[in-house]
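Source file: run.txt (compact mmCIF, C-alpha atoms)
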# COMPACT_ATOMS: atom_id res chain seq x y z
CA MET F 12 -11.31 2.72 5.94
CA SER F 13 -12.65 5.94 7.48
CA ALA F 14 -10.33 5.33 10.47
CA PHE F 15 -7.26 5.13 8.20
CA ALA F 16 -8.44 8.22 6.28
CA GLY F 17 -8.95 10.06 9.60
CA LEU F 18 -5.41 9.18 10.70
CA GLY F 19 -4.12 10.63 7.44
CA ASP F 20 -6.01 13.85 8.15
CA VAL F 21 -4.68 14.45 11.67
CA LEU F 22 -1.03 13.45 11.30
CA LYS F 23 1.78 15.81 10.39
CA PRO F 24 3.99 16.11 8.33
CA LYS F 25 1.94 15.38 5.21
CA SER F 26 4.56 13.02 3.78
CA PHE F 27 4.07 10.82 6.87
CA ALA F 28 0.28 11.14 6.85
CA GLY F 29 0.35 9.98 3.23
CA LEU F 30 1.47 6.52 4.40
CA PHE F 31 -2.11 5.93 5.52
CA GLY F 32 -3.37 6.64 2.01
CA ALA F 33 -2.04 3.18 1.17
CA ALA F 34 -3.64 1.40 4.14
CA PRO F 35 -4.78 -2.17 3.47
CA SER F 36 -8.40 -1.30 4.26
CA ILE F 37 -9.93 -2.98 1.21
CA ALA F 38 -7.60 -5.96 1.53
CA LEU F 39 -8.50 -6.56 5.20
CA ALA F 40 -12.22 -6.51 4.45
CA ALA F 41 -12.05 -8.49 1.22
CA LEU F 42 -9.54 -11.12 2.45
CA GLY F 43 -11.57 -11.69 5.61
CA LEU F 44 -14.69 -12.32 3.54
CA THR F 45 -12.76 -14.50 1.07
CA ILE F 46 -11.30 -16.71 3.83
CA ALA F 47 -14.79 -17.20 5.28
CA ALA F 48 -16.32 -18.02 1.89
CA ASN F 49 -13.56 -19.79 -0.09
CA GLY F 50 -10.82 -20.76 2.34
CA LYS F 51 -7.22 -19.81 3.03
CA MET F 52 -5.61 -21.06 -0.21
CA TYR F 53 -7.98 -18.98 -2.34
CA ALA F 54 -7.17 -15.87 -0.25
CA ALA F 55 -3.42 -16.59 -0.50
CA THR F 56 -3.71 -16.63 -4.31
CA GLU F 57 -5.50 -13.27 -4.18
CA ALA F 58 -2.71 -11.90 -1.95
CA ARG F 59 -0.09 -12.99 -4.52
CA SER F 60 -1.85 -10.90 -7.18
CA MET F 61 -2.24 -8.08 -4.70
CA MET F 62 1.56 -7.67 -4.68
CA ALA F 63 1.44 -6.74 -8.37
CA GLY F 64 -1.39 -4.29 -7.67
CA ALA F 65 0.63 -2.73 -4.84
CA LEU F 66 3.63 -2.19 -7.12
CA VAL F 67 1.39 -0.44 -9.67
CA PHE F 68 0.03 1.66 -6.79
CA PHE F 69 3.63 2.65 -6.04
CA LEU F 70 4.13 3.80 -9.64
CA TYR F 71 0.82 5.67 -9.54
CA ALA F 72 1.61 7.48 -6.28
CA TRP F 73 5.16 8.26 -7.40
CA LEU F 74 3.90 9.72 -10.68
CA CYS F 75 1.41 11.86 -8.73
CA PHE F 76 4.26 13.08 -6.52
CA MET F 77 6.42 13.97 -9.51
CA ALA F 78 3.54 15.67 -11.31
CA ASP F 79 2.30 17.59 -8.27
CA VAL F 80 5.69 18.83 -7.14
CA ALA F 81 6.89 19.74 -10.61
CA ALA F 82 3.44 21.29 -11.26
CA GLN F 83 3.81 20.33 -14.90
CA ILE F 84 0.28 19.02 -15.15
CA LYS F 85 -2.67 21.25 -14.35
CA GLY F 86 -5.79 20.11 -12.52
CA HIS F 87 -6.32 17.13 -10.28
CA VAL F 88 -3.66 14.82 -11.63
CA SER F 89 -4.58 12.07 -9.18
CA TYR F 90 -7.74 11.15 -11.04
CA VAL F 91 -6.09 11.41 -14.46
CA ILE F 92 -3.37 9.00 -13.42
CA GLY F 93 -6.01 6.78 -11.80
CA ALA F 94 -6.86 5.60 -15.29
CA GLY F 95 -3.18 4.69 -15.66
CA HIS F 96 -3.42 2.54 -12.54
CA LEU F 97 -6.28 0.54 -14.00
CA ALA F 98 -4.40 0.10 -17.27
CA GLY F 99 -1.31 -1.03 -15.36
CA VAL F 100 -3.32 -3.51 -13.31
CA LEU F 101 -4.81 -5.02 -16.44
CA HIS F 102 -1.39 -5.22 -18.09
CA ILE F 103 0.17 -6.95 -15.08
CA ASP F 104 -2.76 -9.33 -14.93
CA LEU F 105 -1.90 -10.50 -18.43
CA VAL F 106 1.64 -11.29 -17.24
CA VAL F 107 0.60 -12.94 -13.94
CA GLY F 108 -2.31 -14.73 -15.61
CA SER F 109 -0.20 -16.17 -18.41
CA GLU F 110 2.40 -17.37 -15.87
CA GLY F 111 -0.40 -19.08 -13.94
CA GLU F 112 -1.59 -20.85 -17.06
CA LEU F 113 1.93 -22.00 -17.93
CA ALA F 114 2.58 -23.41 -14.43
CA MET A 1 11.37 16.08 11.81
CA LYS A 2 8.86 15.05 14.47
CA VAL A 3 5.55 13.38 13.77
CA SER A 4 2.59 15.10 15.44
CA ALA A 5 -1.19 14.87 15.47
CA ASN A 6 -3.56 17.80 14.97
CA PHE A 7 -7.05 16.60 15.88
CA SER A 8 -8.67 19.92 14.94
CA ALA A 9 -8.02 18.89 11.31
CA LEU A 10 -10.89 16.40 11.69
CA LYS A 11 -13.31 19.34 12.00
CA LYS A 12 -12.23 20.65 8.59
CA THR A 13 -13.38 17.46 6.91
CA LYS A 14 -17.10 17.50 6.12
CA TRP A 15 -19.28 14.46 6.89
CA TYR A 16 -19.91 13.85 3.18
CA GLU A 17 -16.17 13.72 2.52
CA TYR A 18 -15.97 10.76 4.92
CA ALA A 19 -19.11 9.31 3.35
CA VAL A 20 -17.50 9.45 -0.12
CA ARG A 21 -14.43 7.59 1.17
CA PHE A 22 -16.60 5.01 2.93
CA LEU A 23 -18.75 4.50 -0.16
CA LEU A 24 -15.72 4.25 -2.47
CA GLY A 25 -14.02 1.70 -0.19
CA GLY A 26 -17.18 -0.38 0.12
CA THR A 27 -17.77 -0.29 -3.63
CA VAL A 28 -14.20 -1.36 -4.44
CA THR A 29 -14.41 -4.21 -1.87
CA VAL A 30 -17.61 -5.49 -3.49
CA VAL A 31 -16.21 -5.06 -7.02
CA ALA A 32 -13.00 -6.93 -6.06
CA GLY A 33 -15.12 -9.74 -4.61
CA LEU A 34 -17.29 -9.94 -7.73
CA LEU A 35 -14.25 -9.88 -10.05
CA ALA A 36 -12.67 -12.70 -8.03
CA LYS A 37 -15.92 -14.66 -8.22
CA TYR A 38 -16.28 -14.34 -12.00
CA TYR A 39 -12.65 -14.20 -13.17
CA GLY A 40 -10.81 -16.02 -10.40
CA PRO A 41 -8.56 -14.99 -7.48
CA VAL A 42 -5.60 -14.00 -9.70
CA PHE A 43 -7.56 -11.21 -11.36
CA GLY A 44 -9.65 -10.24 -8.32
CA GLY A 45 -6.57 -10.01 -6.09
CA LEU A 46 -5.12 -7.19 -8.20
CA PHE A 47 -7.87 -4.88 -7.00
CA LEU A 48 -7.14 -5.49 -3.31
CA ALA A 49 -4.39 -2.87 -3.67
CA PHE A 50 -6.70 -0.38 -5.40
CA PRO A 51 -5.97 3.16 -4.16
CA ALA A 52 -9.32 3.89 -2.51
CA ILE A 53 -8.13 6.31 0.19
CA PHE A 54 -5.26 8.12 -1.53
CA PRO A 55 -7.03 9.94 -4.44
CA ALA A 56 -9.72 11.32 -2.13
CA SER A 57 -7.25 12.34 0.59
CA ALA A 58 -4.83 14.00 -1.88
CA THR A 59 -7.69 16.03 -3.35
CA LEU A 60 -8.88 17.04 0.14
CA VAL A 61 -5.35 18.02 1.22
CA ASP A 62 -5.07 20.22 -1.87
CA LYS A 63 -8.49 21.81 -1.20
CA HIS A 64 -7.87 22.43 2.52
CA GLU A 65 -4.44 23.98 1.94
CA ARG A 66 -5.82 26.30 -0.74
CA GLN A 67 -8.70 27.33 1.53
CA LYS A 68 -6.23 28.04 4.35
CA LYS A 69 -4.16 30.31 2.12
CA GLN A 70 -7.28 32.06 0.78
CA ARG A 71 -8.40 32.82 4.35
CA ALA A 72 -4.93 34.34 4.90
CA GLY A 73 -5.50 36.62 1.88
CA ILE A 74 -3.45 34.68 -0.67
CA PRO A 75 -5.83 33.84 -3.53
CA LYS A 76 -3.37 32.07 -5.85
CA THR A 77 -1.01 29.51 -4.40
CA THR A 78 0.76 26.27 -5.32
CA ARG A 79 0.79 25.24 -1.64
CA GLY A 80 -2.18 22.89 -2.06
CA ARG A 81 -0.55 21.05 -4.94
CA GLN A 82 2.75 20.79 -3.07
CA ALA A 83 0.97 19.35 -0.01
CA ALA A 84 -0.85 16.86 -2.25
CA GLY A 85 2.54 15.94 -3.76
CA LEU A 86 3.94 15.20 -0.30
CA ASP A 87 0.85 13.13 0.46
CA ALA A 88 1.55 11.18 -2.75
CA ALA A 89 5.17 10.60 -1.70
CA GLY A 90 3.88 9.16 1.58
CA ALA A 91 1.41 6.96 -0.28
CA ALA A 92 4.27 5.67 -2.46
CA HIS A 93 6.10 4.56 0.71
CA GLY A 94 2.84 3.10 2.02
CA SER A 95 2.32 1.08 -1.15
CA LEU A 96 5.62 -0.72 -0.52
CA GLY A 97 4.21 -1.63 2.89
CA LEU A 98 1.09 -2.84 1.09
CA ALA A 99 3.24 -5.13 -1.09
CA THR A 100 4.91 -6.47 2.09
CA PHE A 101 1.47 -7.04 3.63
CA ALA A 102 0.41 -9.04 0.55
CA TYR A 103 3.66 -11.05 0.52
CA ILE A 104 3.20 -12.09 4.17
CA ILE A 105 -0.44 -13.08 3.59
CA TRP A 106 0.55 -15.08 0.50
CA LYS A 107 3.40 -16.95 2.21
CA LEU A 108 2.03 -17.48 5.74
CA LEU A 109 -1.73 -17.82 5.34
CA PRO A 110 -1.80 -21.44 4.10
CA ALA A 111 0.11 -22.71 7.17
CA TRP A 112 -0.52 -20.26 10.01
CA ASN A 113 -3.48 -19.22 12.12
CA VAL A 114 -5.53 -16.55 10.29
CA ALA A 115 -5.59 -14.02 13.14
CA MET A 116 -1.83 -14.39 13.68
CA VAL A 117 -1.11 -13.86 9.96
CA PHE A 118 -3.24 -10.70 9.91
CA VAL A 119 -1.48 -9.31 13.01
CA VAL A 120 1.98 -9.96 11.48
CA ALA A 121 0.94 -8.58 8.07
CA VAL A 122 -0.61 -5.37 9.47
CA SER A 123 2.44 -4.84 11.70
CA ALA A 124 4.72 -5.25 8.67
CA TRP A 125 2.53 -2.86 6.64
CA LEU A 126 2.96 -0.24 9.39
CA CYS A 127 6.67 -0.82 10.09
CA VAL A 128 8.05 -1.00 6.52
CA PRO A 129 6.79 2.39 5.25
CA CYS A 130 7.51 4.09 8.59
CA ALA A 131 11.10 2.82 8.44
CA LEU A 132 11.45 3.92 4.80
CA TRP A 133 9.99 7.34 5.62
CA TRP A 134 12.38 7.76 8.55
CA LEU A 135 15.39 6.64 6.47
CA ARG A 136 14.47 9.08 3.69
CA LYS A 137 14.06 11.96 6.14
CA GLU A 138 17.14 11.26 8.22
CA HIS A 139 19.65 9.92 5.71
CA TRP A 140 18.56 10.54 2.13
CA SER A 141 16.97 13.99 2.37
CA HIS A 142 18.99 16.93 1.03
CA SER A 143 17.04 19.49 3.04
CA PRO A 144 18.80 21.05 6.08
CA LYS A 145 17.97 19.39 9.43
Whole structure, structure tokens version:
Amino acid sequence: MSAFAGLGDVLKPKSFAGLFGAAPSIALAALGLTIAANGKMYAATEARSMMAGALVFFLYAWLCFMADVAAQIKGHVSYVIGAGHLAGVLHIDLVVGSEGELA
Amino acid sequence: MKVSANFSALKKTKWYEYAVRFLLGGTVTVVAGLLAKYYGPVFGGLFLAFPAIFPASATLVDKHERQKKQRAGIPKTTRGRQAAGLDAAGAAHGSLGLATFAYIIWKLLPAWNVAMVFVVAVSAWLCVPCALWWLRKEHWSHSPK
């Protein structure tokens, strides 16, 4: 994780360096541990849900971009919108979870 | 626009700023594992895409840019926020790569070798956002080249 963060610090331009802000650092660590503990099918199910989380991440980052560039919101908008990410994740889980129950 | 690396930027980042990132990443990994254990893989998997690096890096970019301008004698500037905005745009591209990474793991992991799946998924994570970034810069950007 620190390696990906370090890459983001040294690279220019900033729009390119930002790509490493969405590095799969948590996923690599967590999926590796999951495969070892619960097997490949369990990890594949987690990865399916991760797609929904990644799309909410996209919305979160895009909203930060719009807010930062437009400078319409004062302060550190990233953390404010972080709460929105969590809310979005929980909302999507209801959708994904209910589909899983129906299947 | 060319991509370059400025390694002196590493000196600007304090040790505790790396420690905060490391701690945040470790905490989220443990929390995702615990959530998966108690609520199942569908719920726990959502947190594998949690933005652990981006909020800290955007805040640091903002801080470092403001400090740079202050050293140059410009006390009030929107440069930091603009740089953080660009960082966020990059993270938005990166998140699409993250979705591709997850899709490859989901589809290939049950049948393929684990190491091979990870290599393909990480390669896709790197290639997809880089290609999108390049396309946006070269073909969709309205700024003069």
| task | Write down, as a PyMOL selection string, each residue of chain F that has any atom within 7 Å of an atom of chain A, counting all atoms listed in the file. | result | chain F and resi 12-13+16-17+20-33+35+37-38+41+51-53+55-66+68-69+72-73+75-76+79-80+89-90+100+104+108
Deliver the residues from the most recent selection as a file, using C-alpha atoms, as a PDB file, in the coordinates of the input.
ATOM      1  CA  MET F  12     -11.310   2.720   5.940  1.00  0.00           C
ATOM      2  CA  SER F  13     -12.650   5.940   7.480  1.00  0.00           C
ATOM      3  CA  ALA F  16      -8.440   8.220   6.280  1.00  0.00           C
ATOM      4  CA  GLY F  17      -8.950  10.060   9.600  1.00  0.00           C
ATOM      5  CA  ASP F  20      -6.010  13.850   8.150  1.00  0.00           C
ATOM      6  CA  VAL F  21      -4.680  14.450  11.670  1.00  0.00           C
ATOM      7  CA  LEU F  22      -1.030  13.450  11.300  1.00  0.00           C
ATOM      8  CA  LYS F  23       1.780  15.810  10.390  1.00  0.00           C
ATOM      9  CA  PRO F  24       3.990  16.110   8.330  1.00  0.00           C
ATOM     10  CA  LYS F  25       1.940  15.380   5.210  1.00  0.00           C
ATOM     11  CA  SER F  26       4.560  13.020   3.780  1.00  0.00           C
ATOM     12  CA  PHE F  27       4.070  10.820   6.870  1.00  0.00           C
ATOM     13  CA  ALA F  28       0.280  11.140   6.850  1.00  0.00           C
ATOM     14  CA  GLY F  29       0.350   9.980   3.230  1.00  0.00           C
ATOM     15  CA  LEU F  30       1.470   6.520   4.400  1.00  0.00           C
ATOM     16  CA  PHE F  31      -2.110   5.930   5.520  1.00  0.00           C
ATOM     17  CA  GLY F  32      -3.370   6.640   2.010  1.00  0.00           C
ATOM     18  CA  ALA F  33      -2.040   3.180   1.170  1.00  0.00           C
ATOM     19  CA  PRO F  35      -4.780  -2.170   3.470  1.00  0.00           C
ATOM     20  CA  ILE F  37      -9.930  -2.980   1.210  1.00  0.00           C
ATOM     21  CA  ALA F  38      -7.600  -5.960   1.530  1.00  0.00           C
ATOM     22  CA  ALA F  41     -12.050  -8.490   1.220  1.00  0.00           C
ATOM     23  CA  LYS F  51      -7.220 -19.810   3.030  1.00  0.00           C
ATOM     24  CA  MET F  52      -5.610 -21.060  -0.210  1.00  0.00           C
ATOM     25  CA  TYR F  53      -7.980 -18.980  -2.340  1.00  0.00           C
ATOM     26  CA  ALA F  55      -3.420 -16.590  -0.500  1.00  0.00           C
ATOM     27  CA  THR F  56      -3.710 -16.630  -4.310  1.00  0.00           C
ATOM     28  CA  GLU F  57      -5.500 -13.270  -4.180  1.00  0.00           C
ATOM     29  CA  ALA F  58      -2.710 -11.900  -1.950  1.00  0.00           C
ATOM     30  CA  ARG F  59      -0.090 -12.990  -4.520  1.00  0.00           C
ATOM     31  CA  SER F  60      -1.850 -10.900  -7.180  1.00  0.00           C
ATOM     32  CA  MET F  61      -2.240  -8.080  -4.700  1.00  0.00           C
ATOM     33  CA  MET F  62       1.560  -7.670  -4.680  1.00  0.00           C
ATOM     34  CA  ALA F  63       1.440  -6.740  -8.370  1.00  0.00           C
ATOM     35  CA  GLY F  64      -1.390  -4.290  -7.670  1.00  0.00           C
ATOM     36  CA  ALA F  65       0.630  -2.730  -4.840  1.00  0.00           C
ATOM     37  CA  LEU F  66       3.630  -2.190  -7.120  1.00  0.00           C
ATOM     38  CA  PHE F  68       0.030   1.660  -6.790  1.00  0.00           C
ATOM     39  CA  PHE F  69       3.630   2.650  -6.040  1.00  0.00           C
ATOM     40  CA  ALA F  72       1.610   7.480  -6.280  1.00  0.00           C
ATOM     41  CA  TRP F  73       5.160   8.260  -7.400  1.00  0.00           C
ATOM     42  CA  CYS F  75       1.410  11.860  -8.730  1.00  0.00           C
ATOM     43  CA  PHE F  76       4.260  13.080  -6.520  1.00  0.00           C
ATOM     44  CA  ASP F  79       2.300  17.590  -8.270  1.00  0.00           C
ATOM     45  CA  VAL F  80       5.690  18.830  -7.140  1.00  0.00           C
ATOM     46  CA  SER F  89      -4.580  12.070  -9.180  1.00  0.00           C
ATOM     47  CA  TYR F  90      -7.740  11.150 -11.040  1.00  0.00           C
ATOM     48  CA  VAL F 100      -3.320  -3.510 -13.310  1.00  0.00           C
ATOM     49  CA  ASP F 104      -2.760  -9.330 -14.930  1.00  0.00           C
ATOM     50  CA  GLY F 108      -2.310 -14.730 -15.610  1.00  0.00           C
TER      51      GLY F 108
END
| Coordinates-based distance that separates atom CA of Ala34 of chain F from atom CA of Tyr71 of chain F (Å, one decimal) | 15.0 Å
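Reported to one decimal place, the separation of atom CA of Leu34 of chain A from atom CA of Leu39 of chain F is 16.0 Å.
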Taking every listed atom of segment 50-54 of chain F and adding 6 Å to each side, what centre and edge lengths in Å (one decimal) does the axis-aligned box have, as JSON?
{"center_x": -8.2, "center_y": -18.5, "center_z": 0.3, "size_x": 17.2, "size_y": 17.2, "size_z": 17.4}
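Counting from atom CA of Ala131 of chain A, the distance to atom CA of Phe15 of chain F is 18.5 Å.
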